[in-house]
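target_18.txt follows; it contains compact mmCIF, C-alpha atoms.
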# COMPACT_ATOMS: atom_id res chain seq x y z
CA MET P 10 -9.60 -10.31 -13.78
CA ALA P 11 -8.46 -7.29 -11.76
CA LEU P 12 -4.85 -6.13 -11.83
CA PRO P 13 -3.59 -7.06 -8.33
CA LEU P 14 -1.78 -4.65 -6.04
CA ASN P 15 1.03 -7.16 -5.46
CA ARG P 16 2.36 -9.77 -7.85
CA PRO P 17 5.63 -11.69 -7.64
CA SER P 18 7.86 -11.29 -10.69
CA LEU P 19 8.53 -14.99 -11.22
CA ARG P 20 10.54 -16.40 -14.12
CA ARG P 21 11.24 -19.90 -15.45
CA LYS P 22 14.78 -19.91 -14.09
CA ASP P 23 13.46 -19.09 -10.62
CA PHE P 24 11.41 -22.29 -10.67
CA ASP P 25 14.41 -24.26 -11.93
CA LEU P 26 16.45 -23.37 -8.84
CA VAL P 27 13.52 -24.14 -6.52
CA LEU P 28 12.92 -27.46 -8.29
CA ASP P 29 16.59 -28.34 -7.88
CA ALA P 30 16.28 -27.74 -4.13
CA MET P 31 13.22 -30.00 -4.00
CA VAL P 32 14.85 -32.78 -6.03
CA HIS P 33 17.84 -32.80 -3.67
CA ASP P 34 15.60 -32.71 -0.56
CA ARG P 35 16.93 -29.31 0.51
CA LEU P 36 13.74 -28.16 2.18
CA VAL P 37 14.93 -27.01 5.62
CA ALA P 38 17.66 -24.47 6.33
CA GLY P 39 20.89 -25.74 4.84
CA GLU P 40 23.36 -25.11 2.03
CA MET P 41 21.26 -22.64 0.02
CA THR P 42 20.29 -20.62 3.09
CA ALA P 43 23.94 -20.45 4.15
CA GLN P 44 25.02 -19.43 0.64
CA LEU P 45 22.43 -16.65 0.41
CA THR P 46 23.33 -15.39 3.89
CA LYS P 47 27.00 -15.24 2.94
CA GLU P 48 26.18 -13.36 -0.27
CA ILE P 49 24.04 -10.76 1.51
CA LEU P 50 26.69 -10.20 4.18
CA ARG P 51 29.36 -9.70 1.51
CA SER P 52 27.23 -7.45 -0.69
CA TRP P 53 26.00 -5.25 2.15
CA LYS P 54 29.37 -5.19 3.97
CA LEU P 55 27.96 -6.63 7.19
CA ALA P 56 29.86 -8.64 9.78
CA GLN P 57 27.03 -10.77 11.13
CA GLY P 58 23.47 -11.72 10.24
CA GLU P 59 20.99 -14.46 9.42
CA LEU P 60 17.90 -15.32 7.43
CA LEU P 61 14.78 -16.12 9.43
CA CYS P 62 11.23 -17.11 8.55
CA SER P 63 9.57 -14.36 10.59
CA VAL P 64 10.10 -10.61 10.32
CA ASN P 65 8.97 -10.29 13.94
CA GLU P 66 11.68 -12.70 15.07
CA ALA P 67 14.27 -10.99 12.87
CA ALA P 68 13.49 -7.56 14.32
CA ALA P 69 13.66 -8.91 17.89
CA ARG P 70 16.97 -10.68 17.30
CA LEU P 71 18.47 -7.62 15.63
CA LEU P 72 17.66 -5.56 18.73
CA LYS P 73 19.16 -8.27 20.91
CA GLY P 74 22.30 -8.30 18.78
CA MET P 75 22.70 -4.55 19.31
CA ASN P 76 22.84 -5.23 23.04
CA LEU P 77 20.28 -2.57 23.94
CA GLN P 78 19.47 -2.78 27.63
CA SER P 79 15.94 -2.91 29.01
CA GLY P 80 14.52 0.60 29.32
CA ALA P 81 16.64 2.01 26.48
CA ARG P 82 14.87 4.66 24.40
CA VAL P 83 14.63 3.99 20.67
CA ALA P 84 13.17 6.48 18.18
CA LEU P 85 11.02 5.46 15.23
CA SER P 86 8.50 6.88 12.81
CA ALA P 87 4.78 7.09 13.57
CA LEU P 88 4.34 5.12 10.33
CA ALA P 89 6.97 2.48 11.08
CA PRO P 90 5.81 -1.12 10.54
CA GLN P 91 4.00 -2.57 13.50
CA TYR P 92 6.61 -5.30 13.92
CA TRP P 93 9.07 -2.70 15.23
CA HIS P 94 6.68 -1.66 17.98
CA VAL P 95 6.16 -5.31 18.90
CA ALA P 96 9.91 -6.05 18.90
CA LEU P 97 10.76 -3.01 21.04
CA LEU P 98 8.17 -3.85 23.67
CA ARG P 99 9.19 -7.50 23.60
CA ARG P 100 12.77 -6.48 24.45
CA GLY P 101 11.65 -4.08 27.20
CA LEU P 102 12.69 -1.03 25.16
CA VAL P 103 10.88 2.31 25.07
CA PRO P 104 9.55 3.50 21.68
CA VAL P 105 10.01 7.24 21.12
CA VAL P 106 7.60 7.93 18.26
CA GLN P 107 8.20 10.88 15.93
CA ASP P 108 6.24 12.46 13.11
CA VAL P 109 7.27 12.00 9.47
CA GLU P 110 8.12 14.71 6.96
CA LYS P 111 5.39 16.70 5.21
CA GLU P 112 6.59 15.67 1.76
CA ILE P 113 7.44 11.99 2.24
CA PRO P 114 6.32 9.44 4.90
CA VAL P 115 9.69 8.91 6.63
CA LEU P 116 11.73 10.60 9.36
CA GLY P 117 13.61 13.71 8.27
CA GLN P 118 15.57 16.74 9.48
CA SER P 119 12.87 18.05 11.80
CA ALA P 120 12.71 14.76 13.69
CA ALA P 121 16.50 14.48 13.87
CA PHE P 122 16.79 18.01 15.28
CA GLY P 123 14.03 17.42 17.83
CA LEU P 124 15.69 14.26 19.15
CA LYS P 125 19.08 15.78 20.03
CA SER P 126 18.31 15.90 23.75
CA ALA P 127 15.96 12.91 23.95
CA GLY P 128 18.43 10.52 25.59
CA LEU P 129 18.19 7.96 22.81
CA GLN P 130 20.22 4.76 22.53
CA ALA P 131 19.23 4.03 18.90
CA VAL P 132 16.93 5.10 16.07
CA ILE P 133 14.99 2.96 13.60
CA LEU P 134 14.82 4.43 10.09
CA ASP P 135 12.28 2.59 7.96
CA CYS P 136 11.98 3.32 4.24
CA ALA P 137 8.18 3.47 4.01
CA LEU P 138 6.91 3.02 0.44
CA GLY P 139 10.52 3.10 -0.78
CA TYR P 140 11.27 6.64 0.42
CA ILE P 141 14.65 7.22 2.08
CA PRO P 142 14.98 8.99 5.48
CA ASP P 143 17.44 11.76 6.33
CA ILE P 144 20.41 9.51 7.11
CA PRO P 145 23.03 12.30 7.64
CA GLY P 146 20.76 14.13 10.08
CA PHE P 147 20.51 11.06 12.28
CA GLU P 148 24.20 10.23 11.94
CA GLU P 149 24.87 13.55 13.67
CA LEU P 150 23.08 12.23 16.78
CA GLY P 151 25.99 9.83 17.31
CA ILE P 152 23.76 6.84 18.11
CA PRO P 153 23.31 3.50 16.30
CA ILE P 154 21.01 3.60 13.26
CA ILE P 155 18.82 0.60 12.45
CA LEU P 156 17.92 0.78 8.76
CA ASP P 157 14.84 -1.10 7.56
CA ILE P 158 15.09 -1.36 3.75
CA SER P 159 12.26 -3.88 3.29
CA GLN P 160 10.37 -1.51 1.00
CA ALA P 161 13.49 0.07 -0.55
CA LEU P 162 15.61 -2.91 -1.57
CA GLY P 163 17.75 -1.64 -4.44
CA GLY P 164 17.60 2.01 -3.33
CA GLU P 165 20.72 4.18 -3.33
CA TYR P 166 22.03 7.10 -1.33
CA ARG P 167 24.97 9.23 -2.43
CA GLY P 168 25.85 6.71 -5.09
CA ARG P 169 26.01 3.77 -2.68
CA SER P 170 23.63 0.95 -1.93
CA LEU P 171 21.23 1.92 0.83
CA ALA P 172 22.19 -1.29 2.62
CA HIS P 173 25.71 0.09 3.19
CA PHE P 174 24.41 2.60 5.74
CA GLY P 175 23.44 2.15 9.37
CA SER P 176 24.76 0.10 12.26
CA ALA P 177 22.21 -2.63 11.50
CA VAL P 178 20.08 -3.55 8.49
CA LEU P 179 16.80 -5.42 8.17
CA SER P 180 15.08 -6.49 4.96
CA ALA P 181 11.94 -8.58 4.60
CA PHE P 182 11.31 -10.58 1.42
CA GLY P 183 7.53 -10.72 1.46
CA ILE P 184 4.97 -10.15 -1.26
CA GLU P 185 5.22 -6.39 -0.76
CA THR P 186 8.97 -6.21 -1.50
CA LEU P 187 10.85 -5.80 -4.76
CA MET P 188 11.50 -9.41 -5.62
CA ALA P 189 9.61 -12.68 -5.48
CA GLY P 190 7.59 -12.31 -2.32
CA ALA P 191 8.93 -15.63 -1.14
CA GLY P 192 8.73 -14.68 2.53
CA GLY P 193 11.37 -14.56 5.21
CA CYS P 194 13.57 -11.77 6.50
CA PHE P 195 17.27 -10.95 6.80
CA TRP P 196 18.83 -9.03 9.68
CA GLY P 197 22.48 -8.05 9.95
CA LEU P 198 24.94 -6.03 12.02
CA ARG P 199 27.74 -3.85 10.67
CA ASP P 200 30.00 -5.05 13.50
CA ALA P 201 29.86 -8.54 15.00
CA THR P 202 28.64 -8.86 18.58
CA PRO P 203 30.64 -11.02 20.99
CA GLU P 204 27.45 -11.96 22.80
CA SER P 205 25.74 -15.24 21.89
CA LEU P 206 22.28 -14.64 20.43
CA GLY P 207 20.98 -18.13 21.13
CA ASP P 208 17.51 -19.21 19.99
CA SER P 209 17.60 -19.65 16.22
CA GLU P 210 21.00 -21.34 16.19
CA ASP P 211 19.31 -24.14 18.10
CA CYS P 212 15.89 -23.99 16.41
CA ALA P 213 16.15 -24.87 12.72
CA TRP P 214 12.48 -24.04 12.14
CA GLU P 215 13.16 -20.36 12.82
CA ARG P 216 15.73 -20.11 10.03
CA LEU P 217 14.71 -19.64 6.41
CA PRO P 218 14.39 -23.00 4.61
CA ASP P 219 16.49 -23.77 1.54
CA LEU P 220 13.37 -23.94 -0.62
CA THR P 221 12.54 -20.29 0.07
CA ALA P 222 16.19 -19.21 -0.02
CA ALA P 223 16.52 -20.74 -3.51
CA LEU P 224 13.79 -18.49 -4.91
CA ILE P 225 15.20 -15.36 -3.25
CA PHE P 226 18.73 -16.23 -4.37
CA SER P 227 17.63 -16.69 -7.98
CA GLN P 228 16.10 -13.22 -8.05
CA TRP P 229 18.88 -11.67 -5.98
CA LYS P 230 21.27 -12.24 -8.90
CA ASP P 231 19.11 -10.03 -11.13
CA LEU P 232 18.20 -7.37 -8.58
CA ALA P 233 19.54 -4.57 -10.79
CA ASP P 234 17.23 -5.64 -13.64
CA PHE P 235 14.18 -5.60 -11.35
CA VAL P 236 15.16 -2.13 -10.14
CA ASP P 237 15.65 -0.76 -13.67
CA LYS P 238 12.31 -2.11 -14.89
CA LYS P 239 10.36 -0.74 -11.93
CA ARG P 240 11.96 2.69 -12.27
CA GLU P 241 11.16 2.70 -15.98
CA HIS P 242 7.52 1.84 -15.30
CA LEU P 243 7.33 4.47 -12.56
CA ARG P 244 8.68 7.23 -14.81
CA PHE P 245 6.05 6.38 -17.39
CA LEU P 246 3.13 6.18 -14.96
CA LYS P 247 3.99 9.30 -12.94
CA GLN P 248 3.49 11.40 -16.07
CA LYS P 249 -0.06 10.10 -16.36
CA VAL P 250 -1.28 11.06 -12.87
CA SER P 251 -3.90 13.75 -13.32
CA LEU P 252 -4.14 16.87 -11.14
CA PRO P 253 -4.94 17.51 -8.32
CA TYR P 254 -3.46 14.12 -7.44
CA PHE P 255 0.30 13.77 -7.13
CA VAL P 256 3.12 11.34 -6.44
CA PRO P 257 5.39 12.33 -3.49
CA GLU P 258 8.82 13.28 -4.82
CA VAL P 259 12.30 13.07 -3.29
CA THR P 260 15.21 15.42 -3.88
CA GLY P 261 18.91 15.43 -3.16
CA ALA P 262 21.21 12.43 -3.13
CA CYS P 263 18.46 9.78 -2.84
CA VAL P 264 17.70 7.36 -5.66
CA PRO P 265 14.68 5.46 -4.32
CA ILE P 266 12.94 2.33 -5.55
CA HIS P 267 9.24 1.96 -4.82
CA PRO P 268 7.23 -1.23 -4.25
CA TRP P 269 4.08 0.55 -5.46
CA LEU P 270 3.03 3.74 -7.20
CA THR P 271 1.98 6.01 -4.32
CA VAL P 272 -0.64 8.63 -5.21
CA VAL P 273 -1.74 11.29 -2.71
CA VAL P 274 -5.43 12.07 -2.96
CA GLU P 275 -6.44 15.31 -1.23
CA SER P 276 -10.13 14.39 -1.16
CA GLY P 277 -12.48 11.74 -2.49
CA ALA P 278 -10.19 8.79 -1.81
CA LYS P 279 -13.12 6.39 -1.61
CA ASP P 280 -14.42 7.65 -4.97
CA VAL P 281 -11.00 6.96 -6.47
CA MET P 282 -10.97 3.43 -5.04
CA ASN P 283 -14.48 2.72 -6.34
CA TYR P 284 -13.50 4.05 -9.77
CA THR P 285 -10.35 1.94 -10.03
CA ARG P 286 -12.26 -1.14 -8.86
CA LYS P 287 -14.67 -0.71 -11.75
CA LYS P 288 -11.68 -0.43 -14.07
CA LEU P 289 -10.31 -3.74 -12.70
CA ILE P 290 -7.31 -2.24 -10.91
CA THR P 291 -6.70 -3.02 -7.24
CA VAL P 292 -5.89 0.03 -5.11
CA ASP P 293 -5.40 0.12 -1.35
CA TRP P 294 -4.63 2.52 1.47
CA ALA P 295 -0.91 2.97 2.09
CA PHE P 296 -1.11 3.00 5.88
CA ARG P 297 -4.63 1.99 6.83
CA GLY P 298 -5.70 -1.55 7.60
CA ARG P 299 -2.69 -3.14 5.91
CA THR P 300 -0.75 -6.11 7.28
CA GLU P 301 1.94 -5.07 9.78
CA SER P 302 1.45 -1.35 9.14
CA SER P 303 1.07 1.07 12.04
CA ASN P 304 -2.37 1.35 13.58
CA SER P 305 -4.38 4.57 13.77
CA SER P 306 -3.64 5.13 17.46
CA THR P 307 0.08 5.45 16.64
CA THR P 308 -0.54 8.44 14.37
CA HIS P 309 -3.16 10.24 16.47
CA ASP P 310 -0.76 12.94 17.74
CA PHE P 311 1.27 13.31 14.53
CA PRO P 312 -0.35 15.46 11.82
CA CYS P 313 1.96 14.55 8.94
CA ALA P 314 1.65 10.82 9.58
CA ARG P 315 -2.10 11.19 9.96
CA TYR P 316 -2.24 13.04 6.63
CA PHE P 317 -0.49 10.22 4.77
CA GLN P 318 -2.67 7.69 6.51
CA SER P 319 -5.79 9.46 5.25
CA HIS P 320 -4.65 10.50 1.77
CA ALA P 321 -2.03 8.09 0.39
CA LEU P 322 -3.21 5.32 -1.94
CA LEU P 323 -1.19 2.52 -3.51
CA PHE P 324 -1.43 1.50 -7.16
CA PRO P 325 0.17 -1.61 -8.70
CA LEU P 326 3.81 -1.36 -9.79
CA TYR P 327 5.82 -4.49 -10.46
CA ALA P 328 8.75 -5.34 -12.66
CA ASN P 329 6.96 -7.74 -15.00
CA MET P 330 4.09 -5.47 -16.02
CA SER P 331 3.04 -6.02 -19.63
CA ARG P 332 2.49 -3.20 -22.11
CA SER P 333 -1.27 -3.74 -21.99
CA GLU P 334 -1.24 -3.55 -18.18
CA LEU P 335 0.80 -0.34 -18.26
CA ASP P 336 -1.55 1.17 -20.84
CA LEU P 337 -4.60 0.28 -18.76
CA LEU P 338 -3.11 1.73 -15.59
CA SER P 339 -1.94 4.89 -17.36
CA LYS P 340 -5.43 5.54 -18.76
CA VAL P 341 -6.98 5.12 -15.33
CA LEU P 342 -4.43 7.42 -13.69
CA ALA P 343 -5.12 10.07 -16.33
CA SER P 344 -8.89 9.92 -15.72
CA LEU P 345 -9.17 9.71 -11.93
CA PRO P 346 -12.40 11.36 -10.71
Give the structure from the file, written as C-alpha cells.
Amino acid sequence: MALPLNRPSLRRKDFDLVLDAMVHDRLVAGEMTAQLTKEILRSWKLAQGELLCSVNEAAARLLKGMNLQSGARVALSALAPQYWHVALLRRGLVPVVQDVEKEIPVLGQSAAFGLKSAGLQAVILDCALGYIPDIPGFEELGIPIILDISQALGGEYRGRSLAHFGSAVLSAFGIETLMAGAGGCFWGLRDATPESLGDSEDCAWERLPDLTAALIFSQWKDLADFVDKKREHLRFLKQKVSLPYFVPEVTGACVPIHPWLTVVVESGAKDVMNYTRKKLITVDWAFRGRTESSNSSTTHDFPCARYFQSHALLFPLYANMSRSELDLLSKVLASLP
C-alpha cells in the first residue's frame, strides 16, 4: 500500500471525545463548537470569530466583517488559494494579484514595495506550504492584513504565534492542515465589528457541528506536540534530499511549520513522480491541479509563481510517521532520478 500524501494523525483519545459527542447527541453546532470557538479566540487574541463548515463561506464572511466596500482593491498572491479569489469576487472586491518571492511561494518585500501606491484597502497574506510572508513589509502599508494560516498552523514569527498577527485570521482544518483533517474553517477579527454579519447566526447548518469540533478540539490541546514531531521529521528528511533537488528555506525571524515536505525539481518532475510511485510513495504537484489551489491562468504573468507551479512537488510529512515510513521516504529522497 502506497504511503499517502495526506493522513490524519488520529489517536484513541480523539475518538473518545468524538464518541462522547455522539452518545450525548451533540451532532449539530452546540456546546463543543462554542467551547472551541472561545478557546481559539482566547489563544489567538481575537475579539470576534466563528467556526463554519465551508472555507468559502468563512472567507466571504471574514471579508464582510472587515466592512470592505464594493470596488475595494485587495492584494493577494498569484498562488493564493482559489477560495480567496471566489470570496473577493463574491463581495464585489477587486483582486490585485502579485508575484511571490523567488525563494519561497509567498508575498515578500518586492510585492510590498510595489504596492505602496496601488490604492489598496487590504492585503491577503496566505502561508502557502507553511511558508511565512513578509509581515513587517506589509504592515508598513498601513492597511488591514488578512492572514491565512491554514497551511501554517503552529508557525511562529518573532517568537510569537503566527495567529497573533494581522487584522483578521483564517484557518481551515481540512485534510491538508496540521491536525486531524476533520474539515471546517475558523475566521476571526482582531477588533469586533459593530455591524451584524447575519447569515450563519440564523443558519445552524453553516456552523461547524459539535461532532467535528470535538475532533479538532481534542487535537488542538496537543498542537505543540504535533508541531514538534513534524519539525523533527522534516529536519531528518531534508538532509536526505539529493542534489540537484532542494527544499526551499526561510531565514530571519520565521519559524515555519509545513504540511508537506516541499521539494523543488528543476527538471524531470514527471520522472520523479513515476519513480516515487514505483516506490509506493504518493507525490503531487504543489500548485497544479490540486483542490482549491490557484489555476494556471492566475500565474500566467508572474514568473516566480509560474516557476513554483512547474517545479514544486509535495512529499508526505505527517506527525505520526513510523520509523519504517521515515526510512522508506529517506531512501527514496536520497535516490531521486
| task | Tell me, as a list in words, which residues lie within 8 Å of region 10-14 of chain P, counting all atoms listed in the file; anything in the same chain fewer than 4 positions away does not count. | result | Trp269, Arg286, Lys288, Leu289, Ile290, Thr291, Val292, Asp293, Leu323, Phe324, Pro325, Leu326 and Glu334 of chain P
Next, dump the selected residues to file, keeping only C-alpha atoms, as a PDB file, in the frame of the given file.
ATOM      1  CA  TRP P 269       4.080   0.550  -5.460  1.00  0.00           C
ATOM      2  CA  ARG P 286     -12.260  -1.140  -8.860  1.00  0.00           C
ATOM      3  CA  LYS P 288     -11.680  -0.430 -14.070  1.00  0.00           C
ATOM      4  CA  LEU P 289     -10.310  -3.740 -12.700  1.00  0.00           C
ATOM      5  CA  ILE P 290      -7.310  -2.240 -10.910  1.00  0.00           C
ATOM      6  CA  THR P 291      -6.700  -3.020  -7.240  1.00  0.00           C
ATOM      7  CA  VAL P 292      -5.890   0.030  -5.110  1.00  0.00           C
ATOM      8  CA  ASP P 293      -5.400   0.120  -1.350  1.00  0.00           C
ATOM      9  CA  LEU P 323      -1.190   2.520  -3.510  1.00  0.00           C
ATOM     10  CA  PHE P 324      -1.430   1.500  -7.160  1.00  0.00           C
ATOM     11  CA  PRO P 325       0.170  -1.610  -8.700  1.00  0.00           C
ATOM     12  CA  LEU P 326       3.810  -1.360  -9.790  1.00  0.00           C
ATOM     13  CA  GLU P 334      -1.240  -3.550 -18.180  1.00  0.00           C
TER      14      GLU P 334
END
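One distance worth recording is that between CA of Pro90 (chain P) and CA of Asp135 (chain P), which is 7.9 Å.
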| Which residue out of P:Leu342, P:Val103, P:Ala177, P:Ala89 has the minimum interatomic distance to Cys136 (chain P) when all atoms listed in the file are used? | P:Ala89
If you take all atoms listed in the file and a cut-off of 12 Å, which residues of region 285-345 of chain P touch region 138-155 of chain P, and what are their nearest atom pairs and distances in Å to one decimal, in chain and number order, as CSV?
residue,atom,partner,partner_atom,distance
P:Trp294,CA,P:Leu138,CA,11.6
P:Ala295,CA,P:Leu138,CA,8.0
P:Phe296,CA,P:Leu138,CA,9.7
P:Ser302,CA,P:Leu138,CA,11.2
P:Phe317,CA,P:Leu138,CA,11.2
P:Ala321,CA,P:Leu138,CA,10.3
P:Leu322,CA,P:Leu138,CA,10.6
P:Leu323,CA,P:Leu138,CA,9.0
P:Phe324,CA,P:Leu138,CA,11.4
P:Leu326,CA,P:Leu138,CA,11.6
| field | Among the residues P:Val236, P:Ala314, P:Ala69, P:Ala56, the one that comes closest to Val106 (chain P) [using all atoms listed in the file] | value | P:Ala314
| query | Between CA of Tyr92 (chain P) and CA of Ala67 (chain P), what is the distance, to one decimal in Å? | reply |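 Taking CA of Tyr92 (chain P) and CA of Ala67 (chain P), their separation equals 9.6 Å.
You will find CA of Asp310 (chain P) at 26.1 Å from CA of Leu72 (chain P).
Here the residues that fall within 8 Å of (-0.7, 8.0, -13.8), using all atoms listed in the file, are given as P:Phe245, P:Leu246, P:Lys247, P:Gln248, P:Lys249, P:Val250, P:Ser251, P:Leu338, P:Ser339, P:Lys340, P:Val341, P:Leu342, P:Ala343.
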Just-selected residues, C-alpha atoms written as an mmCIF file, in the coordinates of the input:
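File produced: again_10.cif:
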data_model
loop_
_atom_site.group_PDB
_atom_site.id
_atom_site.type_symbol
_atom_site.label_atom_id
_atom_site.label_comp_id
_atom_site.auth_asym_id
_atom_site.auth_seq_id
_atom_site.Cartn_x
_atom_site.Cartn_y
_atom_site.Cartn_z
ATOM 1 C CA PHE P 245 6.050 6.380 -17.390
ATOM 2 C CA LEU P 246 3.130 6.180 -14.960
ATOM 3 C CA LYS P 247 3.990 9.300 -12.940
ATOM 4 C CA GLN P 248 3.490 11.400 -16.070
ATOM 5 C CA LYS P 249 -0.060 10.100 -16.360
ATOM 6 C CA VAL P 250 -1.280 11.060 -12.870
ATOM 7 C CA SER P 251 -3.900 13.750 -13.320
ATOM 8 C CA LEU P 338 -3.110 1.730 -15.590
ATOM 9 C CA SER P 339 -1.940 4.890 -17.360
ATOM 10 C CA LYS P 340 -5.430 5.540 -18.760
ATOM 11 C CA VAL P 341 -6.980 5.120 -15.330
ATOM 12 C CA LEU P 342 -4.430 7.420 -13.690
ATOM 13 C CA ALA P 343 -5.120 10.070 -16.330
#
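In terms of minimum interatomic distance to Gln130 (chain P), P:Met75 ranks closest within P:Val256, P:Met75, P:Val95, P:Ile184, counting only C-alpha atoms.
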| said: Can you pull out the residues contacting Leu179 (chain P)? Cut-off 6 Å, using all atoms listed in the file, and skip same-chain residues under 6 positions away; I want them as JSON, numbers by chain. | reply: {"P": [157, 195, 196]}
Using C-alpha atoms, give me region 142-190 of chain P from the structure I just pasted, as a short mmCIF file (atom, residue, chain, number, x, y, z; two decimals), in the first residue's frame.
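Writing the result to decode-v9.cif gives the following:
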data_model
loop_
_atom_site.label_atom_id
_atom_site.label_comp_id
_atom_site.auth_asym_id
_atom_site.auth_seq_id
_atom_site.Cartn_x
_atom_site.Cartn_y
_atom_site.Cartn_z
CA PRO P 142 5.12 36.11 4.18
CA ASP P 143 6.93 39.38 4.87
CA ILE P 144 4.56 40.64 7.58
CA PRO P 145 6.56 43.80 8.56
CA GLY P 146 6.80 44.92 4.94
CA PHE P 147 3.02 44.86 4.58
CA GLU P 148 2.45 46.43 8.00
CA GLU P 149 4.27 49.48 6.63
CA LEU P 150 1.49 49.92 4.04
CA GLY P 151 -0.86 50.90 6.86
CA ILE P 152 -3.76 48.77 5.59
CA PRO P 153 -5.55 45.79 7.17
CA ILE P 154 -3.76 42.44 6.82
CA ILE P 155 -5.78 39.25 6.39
CA LEU P 156 -3.60 36.33 7.45
CA ASP P 157 -4.45 32.86 6.16
CA ILE P 158 -2.59 30.34 8.35
CA SER P 159 -4.39 27.23 7.08
CA GLN P 160 -1.11 25.65 5.96
CA ALA P 161 0.99 27.17 8.77
CA LEU P 162 -0.98 26.38 11.92
CA GLY P 163 1.62 26.30 14.70
CA GLY P 164 4.06 28.61 12.88
CA GLU P 165 5.82 31.42 14.73
CA TYR P 166 7.14 34.85 13.87
CA ARG P 167 9.47 36.82 16.13
CA GLY P 168 8.80 34.42 18.97
CA ARG P 169 5.03 34.80 18.80
CA SER P 170 2.30 32.63 17.38
CA LEU P 171 1.64 33.49 13.75
CA ALA P 172 -2.04 33.80 14.63
CA HIS P 173 -1.27 36.88 16.75
CA PHE P 174 -0.54 38.96 13.64
CA GLY P 175 -2.89 40.62 11.17
CA SER P 176 -6.22 42.40 11.43
CA ALA P 177 -8.03 39.16 10.60
CA VAL P 178 -7.10 35.47 10.68
CA LEU P 179 -8.43 32.47 8.77
CA SER P 180 -7.54 28.82 9.33
CA ALA P 181 -9.03 25.79 7.63
CA PHE P 182 -8.95 22.39 9.33
CA GLY P 183 -9.02 20.12 6.31
CA ILE P 184 -7.00 17.05 5.43
CA GLU P 185 -4.13 19.23 4.21
CA THR P 186 -3.65 21.03 7.55
CA LEU P 187 -1.56 20.14 10.58
CA MET P 188 -4.11 18.32 12.66
CA ALA P 189 -6.89 15.82 12.08
CA GLY P 190 -8.28 16.91 8.75
#
